[in-house]
Amino acid sequence: MSQHVARQVRLALCGLLSAMGFFSLLGTAAPARAVDTASIVQSAWSQDCLQYRVVGVCLWLRCTPFGCSVRSSVKVGHYIPELVVSSYQNTGNNPWRDVAFMSPSNGNARGGGVTAEGADAASSIGEEGIHNSLRFKNGDAIGHPASTVFSQFAGQWGYTCSTPARPLQPYFLSVLDTYAWREGLPEKIYPQALTPGLREVRQGLLNRWGNVYPRAGFVTQSNDYKAAAVVAQRVADLVTRNGQPHVYTPLVPRTRSSRGVWAPPPVKEGDKDTHKWQRLTPAMTQSCAVFPDRGPAASFRGHLAQQGDYAWALWRPYSCCKKRGQKLLSHTGDYP
(Lines give C-alpha, C1' and ligand atoms only; values in the text may rest on other atoms or scores of the structure.)
Protein backbone atom coordinates (compact mmCIF):
# COMPACT_ATOMS: atom_id res chain seq x y z
CA MET A 1 0.00 0.00 0.00
CA SER A 2 1.47 3.43 -0.95
CA GLN A 3 2.21 5.95 1.82
CA HIS A 4 -0.37 8.37 0.41
CA VAL A 5 -3.14 5.76 0.37
CA ALA A 6 -2.14 4.46 3.80
CA ARG A 7 -2.32 8.03 5.20
CA GLN A 8 -5.81 8.53 3.71
CA VAL A 9 -7.00 5.23 5.14
CA ARG A 10 -5.67 6.07 8.61
CA LEU A 11 -7.38 9.48 8.57
CA ALA A 12 -10.70 8.02 7.46
CA LEU A 13 -10.41 5.26 10.04
CA CYS A 14 -9.73 7.75 12.83
CA GLY A 15 -12.85 9.71 11.88
CA LEU A 16 -14.94 6.56 11.83
CA LEU A 17 -13.66 5.39 15.21
CA SER A 18 -14.28 8.81 16.73
CA ALA A 19 -17.90 8.60 15.62
CA MET A 20 -18.13 5.07 17.00
CA GLY A 21 -16.90 6.22 20.39
CA PHE A 22 -20.33 7.66 21.14
CA PHE A 23 -22.07 4.41 20.26
CA SER A 24 -19.69 2.37 22.39
CA LEU A 25 -20.90 4.28 25.43
CA LEU A 26 -24.42 3.05 24.70
CA GLY A 27 -23.39 -0.61 24.35
CA THR A 28 -23.55 -3.36 26.93
CA ALA A 29 -20.62 -5.09 28.54
CA ALA A 30 -18.48 -6.73 25.88
CA PRO A 31 -18.81 -10.50 25.64
CA ALA A 32 -15.74 -12.70 25.70
CA ARG A 33 -13.74 -12.63 22.46
CA ALA A 34 -15.73 -9.60 21.26
CA VAL A 35 -14.59 -7.86 18.10
CA ASP A 36 -14.46 -4.08 17.74
CA THR A 37 -14.95 -1.72 14.81
CA ALA A 38 -11.25 -1.00 14.33
CA SER A 39 -10.48 -4.70 13.92
CA ILE A 40 -13.34 -5.17 11.47
CA VAL A 41 -12.15 -2.25 9.33
CA GLN A 42 -8.59 -3.60 9.28
CA SER A 43 -9.85 -7.06 8.34
CA ALA A 44 -11.20 -5.61 5.08
CA TRP A 45 -7.63 -5.08 3.84
CA SER A 46 -7.53 -8.63 2.54
CA GLN A 47 -6.29 -9.32 -0.97
CA ASP A 48 -7.55 -12.90 -0.72
CA CYS A 49 -11.12 -11.69 -0.14
CA LEU A 50 -10.86 -8.76 -2.55
CA GLN A 51 -9.79 -10.82 -5.60
CA TYR A 52 -9.40 -7.75 -7.82
CA ARG A 53 -9.19 -8.61 -11.51
CA VAL A 54 -9.42 -6.92 -14.91
CA VAL A 55 -12.08 -8.96 -16.71
CA GLY A 56 -12.80 -7.16 -19.99
CA VAL A 57 -13.57 -3.96 -21.86
CA CYS A 58 -16.63 -1.70 -22.19
CA LEU A 59 -17.37 0.21 -25.39
CA TRP A 60 -19.34 3.46 -25.08
CA LEU A 61 -20.99 5.67 -27.68
CA ARG A 62 -20.29 9.31 -26.92
CA CYS A 63 -22.06 11.97 -28.93
CA THR A 64 -21.55 15.74 -28.95
CA PRO A 65 -22.83 18.52 -31.24
CA PHE A 66 -19.73 17.85 -33.34
CA GLY A 67 -20.38 14.15 -33.90
CA CYS A 68 -20.19 10.73 -32.26
CA SER A 69 -17.28 8.55 -31.29
CA VAL A 70 -16.67 5.21 -29.59
CA ARG A 71 -14.69 5.18 -26.38
CA SER A 72 -13.49 2.29 -24.29
CA SER A 73 -12.96 1.69 -20.59
CA VAL A 74 -11.55 -1.21 -18.62
CA LYS A 75 -14.03 -3.57 -16.97
CA VAL A 76 -12.93 -4.78 -13.54
CA GLY A 77 -14.33 -7.12 -10.92
CA HIS A 78 -13.79 -7.55 -7.20
CA TYR A 79 -15.53 -8.50 -3.97
CA ILE A 80 -16.79 -5.86 -1.52
CA PRO A 81 -17.45 -6.33 2.22
CA GLU A 82 -21.11 -5.37 2.58
CA LEU A 83 -22.35 -6.74 5.90
CA VAL A 84 -21.19 -7.99 9.26
CA VAL A 85 -23.44 -10.94 10.14
CA SER A 86 -23.43 -12.00 13.79
CA SER A 87 -24.76 -15.31 15.11
CA TYR A 88 -24.74 -15.31 18.87
CA GLN A 89 -26.03 -16.89 22.05
CA ASN A 90 -27.87 -14.29 24.14
CA THR A 91 -29.90 -11.23 23.20
CA GLY A 92 -27.92 -8.07 23.89
CA ASN A 93 -24.55 -9.81 23.46
CA ASN A 94 -23.69 -9.24 19.82
CA PRO A 95 -19.94 -10.03 19.63
CA TRP A 96 -19.44 -6.80 17.64
CA ARG A 97 -19.49 -4.87 20.86
CA ASP A 98 -19.81 -1.38 19.35
CA VAL A 99 -23.26 -2.17 17.94
CA ALA A 100 -24.56 -4.46 20.70
CA PHE A 101 -26.90 -1.67 21.84
CA MET A 102 -28.90 -2.12 18.62
CA SER A 103 -30.20 -5.49 19.88
CA PRO A 104 -30.90 -4.97 23.59
CA SER A 105 -31.61 -7.82 25.97
CA ASN A 106 -35.16 -9.13 25.81
CA GLY A 107 -36.34 -10.34 29.21
CA ASN A 108 -39.35 -12.08 27.71
CA ALA A 109 -37.33 -14.22 25.31
CA ARG A 110 -35.07 -17.20 25.83
CA GLY A 111 -31.52 -16.01 25.48
CA GLY A 112 -30.40 -18.62 23.01
CA GLY A 113 -27.99 -21.50 22.75
CA VAL A 114 -28.95 -25.08 23.52
CA THR A 115 -32.46 -25.84 24.60
CA ALA A 116 -31.66 -27.44 27.93
CA GLU A 117 -32.64 -25.11 30.76
CA GLY A 118 -29.62 -23.49 32.35
CA ALA A 119 -27.19 -24.80 29.75
CA ASP A 120 -24.92 -22.56 27.72
CA ALA A 121 -22.40 -22.92 24.94
CA ALA A 122 -19.43 -23.17 27.27
CA SER A 123 -20.89 -26.02 29.32
CA SER A 124 -22.52 -27.91 26.47
CA ILE A 125 -20.15 -27.85 23.50
CA GLY A 126 -16.92 -28.64 25.30
CA GLU A 127 -13.88 -28.81 23.07
CA GLU A 128 -15.50 -30.42 20.05
CA GLY A 129 -19.13 -29.29 20.43
CA ILE A 130 -20.68 -32.75 20.16
CA HIS A 131 -23.50 -32.85 22.73
CA ASN A 132 -26.87 -31.09 22.45
CA SER A 133 -28.25 -31.04 18.93
CA LEU A 134 -31.07 -28.43 19.00
CA ARG A 135 -29.65 -24.94 19.25
CA PHE A 136 -30.93 -21.38 19.04
CA LYS A 137 -28.98 -18.35 17.81
CA ASN A 138 -29.80 -14.68 17.49
CA GLY A 139 -28.82 -13.17 14.16
CA ASP A 140 -27.94 -9.61 13.13
CA ALA A 141 -26.85 -8.12 9.80
CA ILE A 142 -25.29 -4.65 10.00
CA GLY A 143 -23.56 -2.60 7.31
CA HIS A 144 -19.81 -3.25 7.18
CA PRO A 145 -17.94 -0.27 8.66
CA ALA A 146 -15.09 -0.42 6.13
CA SER A 147 -17.11 0.83 3.17
CA THR A 148 -15.97 4.39 3.96
CA VAL A 149 -12.30 3.48 3.42
CA PHE A 150 -12.52 0.33 1.28
CA SER A 151 -12.43 2.17 -2.05
CA GLN A 152 -9.13 3.77 -1.04
CA PHE A 153 -7.64 0.37 -0.29
CA ALA A 154 -8.98 -1.31 -3.44
CA GLY A 155 -8.10 1.75 -5.53
CA GLN A 156 -4.44 0.74 -5.46
CA TRP A 157 -5.22 -1.72 -8.25
CA GLY A 158 -7.27 0.69 -10.41
CA TYR A 159 -10.92 1.55 -10.97
CA THR A 160 -13.22 0.24 -8.23
CA CYS A 161 -16.90 -0.63 -7.93
CA SER A 162 -19.25 0.59 -5.20
CA THR A 163 -21.99 -0.97 -3.10
CA PRO A 164 -25.31 0.49 -1.91
CA ALA A 165 -24.67 -0.99 1.55
CA ARG A 166 -24.41 1.72 4.20
CA PRO A 167 -21.89 1.34 7.02
CA LEU A 168 -23.37 0.63 10.45
CA GLN A 169 -26.95 0.46 9.15
CA PRO A 170 -28.94 -2.41 10.70
CA TYR A 171 -30.44 -4.51 7.90
CA PHE A 172 -31.69 -7.29 10.14
CA LEU A 173 -31.99 -7.61 13.92
CA SER A 174 -33.57 -10.87 15.04
CA VAL A 175 -34.75 -9.31 18.30
CA LEU A 176 -37.16 -7.19 16.21
CA ASP A 177 -38.28 -10.19 14.14
CA THR A 178 -39.47 -12.13 17.18
CA TYR A 179 -42.37 -14.13 15.74
CA ALA A 180 -40.77 -15.31 12.49
CA TRP A 181 -37.34 -15.85 14.05
CA ARG A 182 -38.48 -17.83 17.09
CA GLU A 183 -41.52 -19.63 15.71
CA GLY A 184 -40.30 -20.23 12.16
CA LEU A 185 -43.64 -19.23 10.69
CA PRO A 186 -44.71 -19.18 7.96
CA GLU A 187 -41.51 -20.64 6.48
CA LYS A 188 -41.62 -23.97 8.33
CA ILE A 189 -44.40 -25.06 5.95
CA TYR A 190 -42.59 -23.92 2.79
CA PRO A 191 -41.51 -26.66 0.32
CA GLN A 192 -37.89 -25.61 0.91
CA ALA A 193 -38.27 -26.51 4.60
CA LEU A 194 -40.22 -29.72 4.07
CA THR A 195 -38.05 -31.20 1.30
CA PRO A 196 -34.79 -32.73 2.61
CA GLY A 197 -31.72 -31.43 0.81
CA LEU A 198 -33.59 -28.82 -1.25
CA ARG A 199 -31.89 -25.82 0.37
CA GLU A 200 -29.05 -27.03 2.55
CA VAL A 201 -25.61 -25.83 3.65
CA ARG A 202 -23.53 -28.80 2.61
CA GLN A 203 -20.61 -30.09 0.58
CA GLY A 204 -21.31 -33.50 -0.84
CA LEU A 205 -23.16 -36.17 1.15
CA LEU A 206 -20.83 -36.36 4.17
CA ASN A 207 -20.49 -32.67 5.05
CA ARG A 208 -24.04 -31.49 5.78
CA TRP A 209 -24.43 -28.58 8.20
CA GLY A 210 -28.12 -27.68 8.16
CA ASN A 211 -31.13 -26.40 6.24
CA VAL A 212 -31.46 -22.82 5.07
CA TYR A 213 -35.25 -22.99 5.58
CA PRO A 214 -37.00 -22.12 7.75
CA ARG A 215 -34.91 -18.99 8.15
CA ALA A 216 -35.25 -18.87 11.91
CA GLY A 217 -33.05 -19.14 15.00
CA PHE A 218 -33.42 -22.86 15.77
CA VAL A 219 -30.94 -25.27 14.17
CA THR A 220 -30.62 -29.03 14.60
CA GLN A 221 -26.85 -29.33 14.76
CA SER A 222 -24.59 -30.73 17.49
CA ASN A 223 -21.60 -28.59 16.45
CA ASP A 224 -21.96 -25.00 17.67
CA TYR A 225 -19.78 -23.50 14.92
CA LYS A 226 -21.81 -25.22 12.20
CA ALA A 227 -25.07 -24.09 13.82
CA ALA A 228 -23.88 -20.48 13.94
CA ALA A 229 -22.76 -20.65 10.30
CA VAL A 230 -26.17 -21.96 9.21
CA VAL A 231 -27.88 -19.08 11.04
CA ALA A 232 -25.54 -16.56 9.36
CA GLN A 233 -26.36 -18.12 5.97
CA ARG A 234 -30.08 -17.78 6.70
CA VAL A 235 -29.69 -14.11 7.59
CA ALA A 236 -27.74 -13.35 4.40
CA ASP A 237 -30.28 -15.29 2.35
CA LEU A 238 -33.25 -13.22 3.49
CA VAL A 239 -31.54 -9.82 3.59
CA THR A 240 -30.44 -10.06 -0.05
CA ARG A 241 -34.00 -10.67 -1.27
CA ASN A 242 -37.09 -8.49 -1.47
CA GLY A 243 -40.49 -9.33 -0.04
CA GLN A 244 -39.53 -11.89 2.59
CA PRO A 245 -41.89 -12.56 5.59
CA HIS A 246 -39.51 -10.96 8.08
CA VAL A 247 -38.90 -7.57 9.68
CA TYR A 248 -35.80 -6.33 7.84
CA THR A 249 -34.37 -3.83 5.38
CA PRO A 250 -33.50 -5.46 2.02
CA LEU A 251 -30.03 -5.05 0.58
CA VAL A 252 -30.70 -5.80 -3.09
CA PRO A 253 -28.30 -3.98 -5.42
CA ARG A 254 -29.44 -3.55 -9.00
CA THR A 255 -27.46 -4.20 -12.15
CA ARG A 256 -27.32 -1.04 -14.22
CA SER A 257 -25.43 -1.91 -17.37
CA SER A 258 -26.24 1.50 -18.83
CA ARG A 259 -24.04 2.93 -16.07
CA GLY A 260 -21.44 0.18 -16.24
CA VAL A 261 -22.43 -1.63 -13.03
CA TRP A 262 -23.12 -5.36 -12.68
CA ALA A 263 -24.36 -6.36 -9.23
CA PRO A 264 -24.42 -9.85 -7.69
CA PRO A 265 -27.58 -11.98 -7.52
CA PRO A 266 -29.08 -12.90 -4.13
CA VAL A 267 -26.91 -14.98 -1.83
CA LYS A 268 -27.11 -18.74 -2.48
CA GLU A 269 -25.53 -21.24 -0.12
CA GLY A 270 -22.27 -22.73 -1.40
CA ASP A 271 -22.12 -20.38 -4.41
CA LYS A 272 -19.01 -18.18 -4.49
CA ASP A 273 -20.49 -16.32 -7.47
CA THR A 274 -22.92 -14.69 -5.03
CA HIS A 275 -20.87 -14.29 -1.83
CA LYS A 276 -17.98 -15.33 0.43
CA TRP A 277 -17.52 -15.32 4.22
CA GLN A 278 -14.62 -13.97 6.26
CA ARG A 279 -14.56 -15.06 9.91
CA LEU A 280 -14.21 -12.14 12.31
CA THR A 281 -14.62 -13.92 15.65
CA PRO A 282 -13.44 -16.20 17.08
CA ALA A 283 -9.93 -16.15 15.54
CA MET A 284 -10.19 -13.51 12.80
CA THR A 285 -8.90 -14.61 9.41
CA GLN A 286 -7.62 -12.80 6.31
CA SER A 287 -9.15 -15.30 3.90
CA CYS A 288 -12.65 -15.92 2.56
CA ALA A 289 -14.66 -19.02 1.74
CA VAL A 290 -18.22 -20.27 1.40
CA PHE A 291 -19.85 -22.58 3.93
CA PRO A 292 -19.02 -25.34 4.66
CA ASP A 293 -15.52 -23.94 5.23
CA ARG A 294 -14.37 -27.06 7.09
CA GLY A 295 -14.20 -30.64 5.85
CA PRO A 296 -16.21 -33.52 7.34
CA ALA A 297 -13.20 -34.87 9.25
CA ALA A 298 -11.66 -31.51 10.17
CA SER A 299 -11.04 -30.48 13.77
CA PHE A 300 -12.89 -27.43 15.05
CA ARG A 301 -10.27 -26.60 17.65
CA GLY A 302 -9.93 -22.81 17.68
CA HIS A 303 -13.18 -22.35 15.78
CA LEU A 304 -15.63 -22.89 18.65
CA ALA A 305 -16.50 -19.76 20.64
CA GLN A 306 -16.56 -20.32 24.40
CA GLN A 307 -19.70 -18.20 24.83
CA GLY A 308 -21.31 -19.29 21.55
CA ASP A 309 -20.87 -15.91 19.81
CA TYR A 310 -19.68 -15.67 16.19
CA ALA A 311 -19.39 -13.02 13.49
CA TRP A 312 -18.51 -13.06 9.81
CA ALA A 313 -18.06 -10.42 7.12
CA LEU A 314 -20.17 -11.01 4.02
CA TRP A 315 -18.28 -10.19 0.80
CA ARG A 316 -20.16 -9.97 -2.51
CA PRO A 317 -18.81 -9.76 -6.10
CA TYR A 318 -19.30 -6.73 -8.32
CA SER A 319 -18.03 -5.81 -11.77
CA CYS A 320 -18.00 -2.36 -13.31
CA CYS A 321 -16.40 -0.03 -15.82
CA LYS A 322 -16.08 3.73 -15.99
CA LYS A 323 -18.88 5.36 -17.95
CA ARG A 324 -17.38 7.18 -20.94
CA GLY A 325 -20.44 7.87 -23.08
CA GLN A 326 -24.20 8.12 -23.22
CA LYS A 327 -24.79 4.52 -24.32
CA LEU A 328 -23.07 1.21 -23.61
CA LEU A 329 -22.59 -0.55 -26.94
CA SER A 330 -21.02 -3.78 -25.70
CA HIS A 331 -18.88 -5.27 -22.98
CA THR A 332 -16.77 -8.37 -22.47
CA GLY A 333 -15.82 -10.49 -19.50
CA ASP A 334 -17.71 -11.95 -16.57
CA TYR A 335 -16.93 -11.89 -12.87
CA PRO A 336 -16.23 -13.87 -10.76
# chains A, B, ... in the order shown; residues from 1 in each chain; ligands from 1
>>> residues_around(residues="Leu176 (chain A)", least_positions_apart="6", cutoff="9 Å", atoms="only C-alpha atoms", output="list in words")
Ser103, Val247 and Tyr248 of chain A
>>> residues_around(residues="Leu185 (chain A)", least_positions_apart="6", cutoff="12 Å", atoms="only C-alpha atoms", output="PDB file with N, CA and C atoms, in the first residue's frame")
ATOM      1  N   ASP A 177     -37.557  -9.252  14.997  1.00  0.00           N
ATOM      2  CA  ASP A 177     -38.284 -10.189  14.137  1.00  0.00           C
ATOM      3  C   ASP A 177     -38.720 -11.395  14.978  1.00  0.00           C
ATOM      4  N   THR A 178     -39.259 -11.109  16.154  1.00  0.00           N
ATOM      5  CA  THR A 178     -39.472 -12.133  17.177  1.00  0.00           C
ATOM      6  C   THR A 178     -40.303 -13.306  16.691  1.00  0.00           C
ATOM      7  N   TYR A 179     -41.458 -13.049  16.098  1.00  0.00           N
ATOM      8  CA  TYR A 179     -42.374 -14.131  15.736  1.00  0.00           C
ATOM      9  C   TYR A 179     -41.768 -15.055  14.678  1.00  0.00           C
ATOM     10  N   ALA A 193     -38.492 -25.998   3.250  1.00  0.00           N
ATOM     11  CA  ALA A 193     -38.273 -26.507   4.599  1.00  0.00           C
ATOM     12  C   ALA A 193     -38.708 -27.960   4.738  1.00  0.00           C
ATOM     13  N   TYR A 213     -33.860 -23.247   5.180  1.00  0.00           N
ATOM     14  CA  TYR A 213     -35.250 -22.992   5.584  1.00  0.00           C
ATOM     15  C   TYR A 213     -35.650 -23.941   6.704  1.00  0.00           C
ATOM     16  N   PRO A 214     -36.496 -23.499   7.624  1.00  0.00           N
ATOM     17  CA  PRO A 214     -37.001 -22.122   7.754  1.00  0.00           C
ATOM     18  C   PRO A 214     -35.898 -21.190   8.239  1.00  0.00           C
ATOM     19  N   ARG A 215     -35.940 -19.966   7.759  1.00  0.00           N
ATOM     20  CA  ARG A 215     -34.915 -18.986   8.145  1.00  0.00           C
ATOM     21  C   ARG A 215     -35.288 -18.413   9.515  1.00  0.00           C
ATOM     22  N   ALA A 216     -34.926 -19.189  10.520  1.00  0.00           N
ATOM     23  CA  ALA A 216     -35.251 -18.874  11.914  1.00  0.00           C
ATOM     24  C   ALA A 216     -34.053 -19.222  12.785  1.00  0.00           C
ATOM     25  N   GLY A 217     -34.185 -19.007  14.103  1.00  0.00           N
ATOM     26  CA  GLY A 217     -33.048 -19.139  14.998  1.00  0.00           C
ATOM     27  C   GLY A 217     -32.732 -20.545  15.448  1.00  0.00           C
ATOM     28  N   PHE A 218     -33.664 -21.498  15.311  1.00  0.00           N
ATOM     29  CA  PHE A 218     -33.421 -22.860  15.768  1.00  0.00           C
ATOM     30  C   PHE A 218     -32.743 -23.691  14.679  1.00  0.00           C
ATOM     31  N   GLN A 244     -39.569 -10.711   1.733  1.00  0.00           N
ATOM     32  CA  GLN A 244     -39.533 -11.886   2.594  1.00  0.00           C
ATOM     33  C   GLN A 244     -40.398 -11.653   3.840  1.00  0.00           C
ATOM     34  N   PRO A 245     -40.989 -12.709   4.430  1.00  0.00           N
ATOM     35  CA  PRO A 245     -41.886 -12.556   5.587  1.00  0.00           C
ATOM     36  C   PRO A 245     -41.124 -12.335   6.889  1.00  0.00           C
ATOM     37  N   HIS A 246     -40.315 -11.302   6.913  1.00  0.00           N
ATOM     38  CA  HIS A 246     -39.510 -10.956   8.083  1.00  0.00           C
ATOM     39  C   HIS A 246     -39.494  -9.443   8.249  1.00  0.00           C
TER      40      HIS A 246
END
>>> closest_residue(among="A:Val219, A:Cys63, A:Leu198, A:Ala154", to="Glu269 (chain A)", atoms="only C-alpha atoms")
A:Leu198
>>> residues_around(residues="Thr285 (chain A)", least_positions_apart="3", cutoff="12 Å", atoms="only C-alpha atoms", output="number ranges by chain")
A: 39-40, 42-49, 277-282, 288-289, 302-303, 311-313
>>> atom_distance(atom1="CA of Leu61 (chain A)", atom2="CA of Gly260 (chain A)")
12.7 Å
>>> atom_distance(atom1="CA of Val54 (chain A)", atom2="CA of Ala146 (chain A)")
22.7 Å
>>> atom_distance(atom1="CA of Gly270 (chain A)", atom2="CA of Phe291 (chain A)")
5.9 Å
>>> residues_around(residues="region 85-94 of chain A", least_positions_apart="3", cutoff="6 Å", atoms="only C-alpha atoms", output="list in words")
Ala100, Ser103, Pro104, Ser105, Gly111, Gly112, Gly113, Lys137, Asn138, Gly139, Asp140, Ala141, Ala228, Ala232, Gly308, Asp309, Tyr310, Ala311 and Trp312 of chain A
>>> closest_residue(among="A:Leu205, A:Ala180, A:Val230, A:Val84", to="Ala165 (chain A)", atoms="only C-alpha atoms")
A:Val84
>>> residues_around(residues="Gln203 (chain A)", least_positions_apart="2", cutoff="12 Å", atoms="only C-alpha atoms", output="list in words")
Gly197, Glu200, Val201, Leu205, Leu206, Asn207, Arg208, Trp209, Gly210, Glu269, Gly270, Asp271, Val290, Phe291, Pro292, Asp293, Arg294, Gly295 and Pro296 of chain A
>>> residues_around(residues="Gly77 (chain A)", least_positions_apart="2", cutoff="8 Å", atoms="only C-alpha atoms", output="number ranges by chain")
A: 51-55, 75, 79, 160-161, 317-320, 335-336
>>> residues_around(residues="Thr163 (chain A)", least_positions_apart="5", cutoff="10 Å", atoms="only C-alpha atoms", output="PyMOL selection string")
chain A and resi 79-82+147+251-254+261+263+316-318
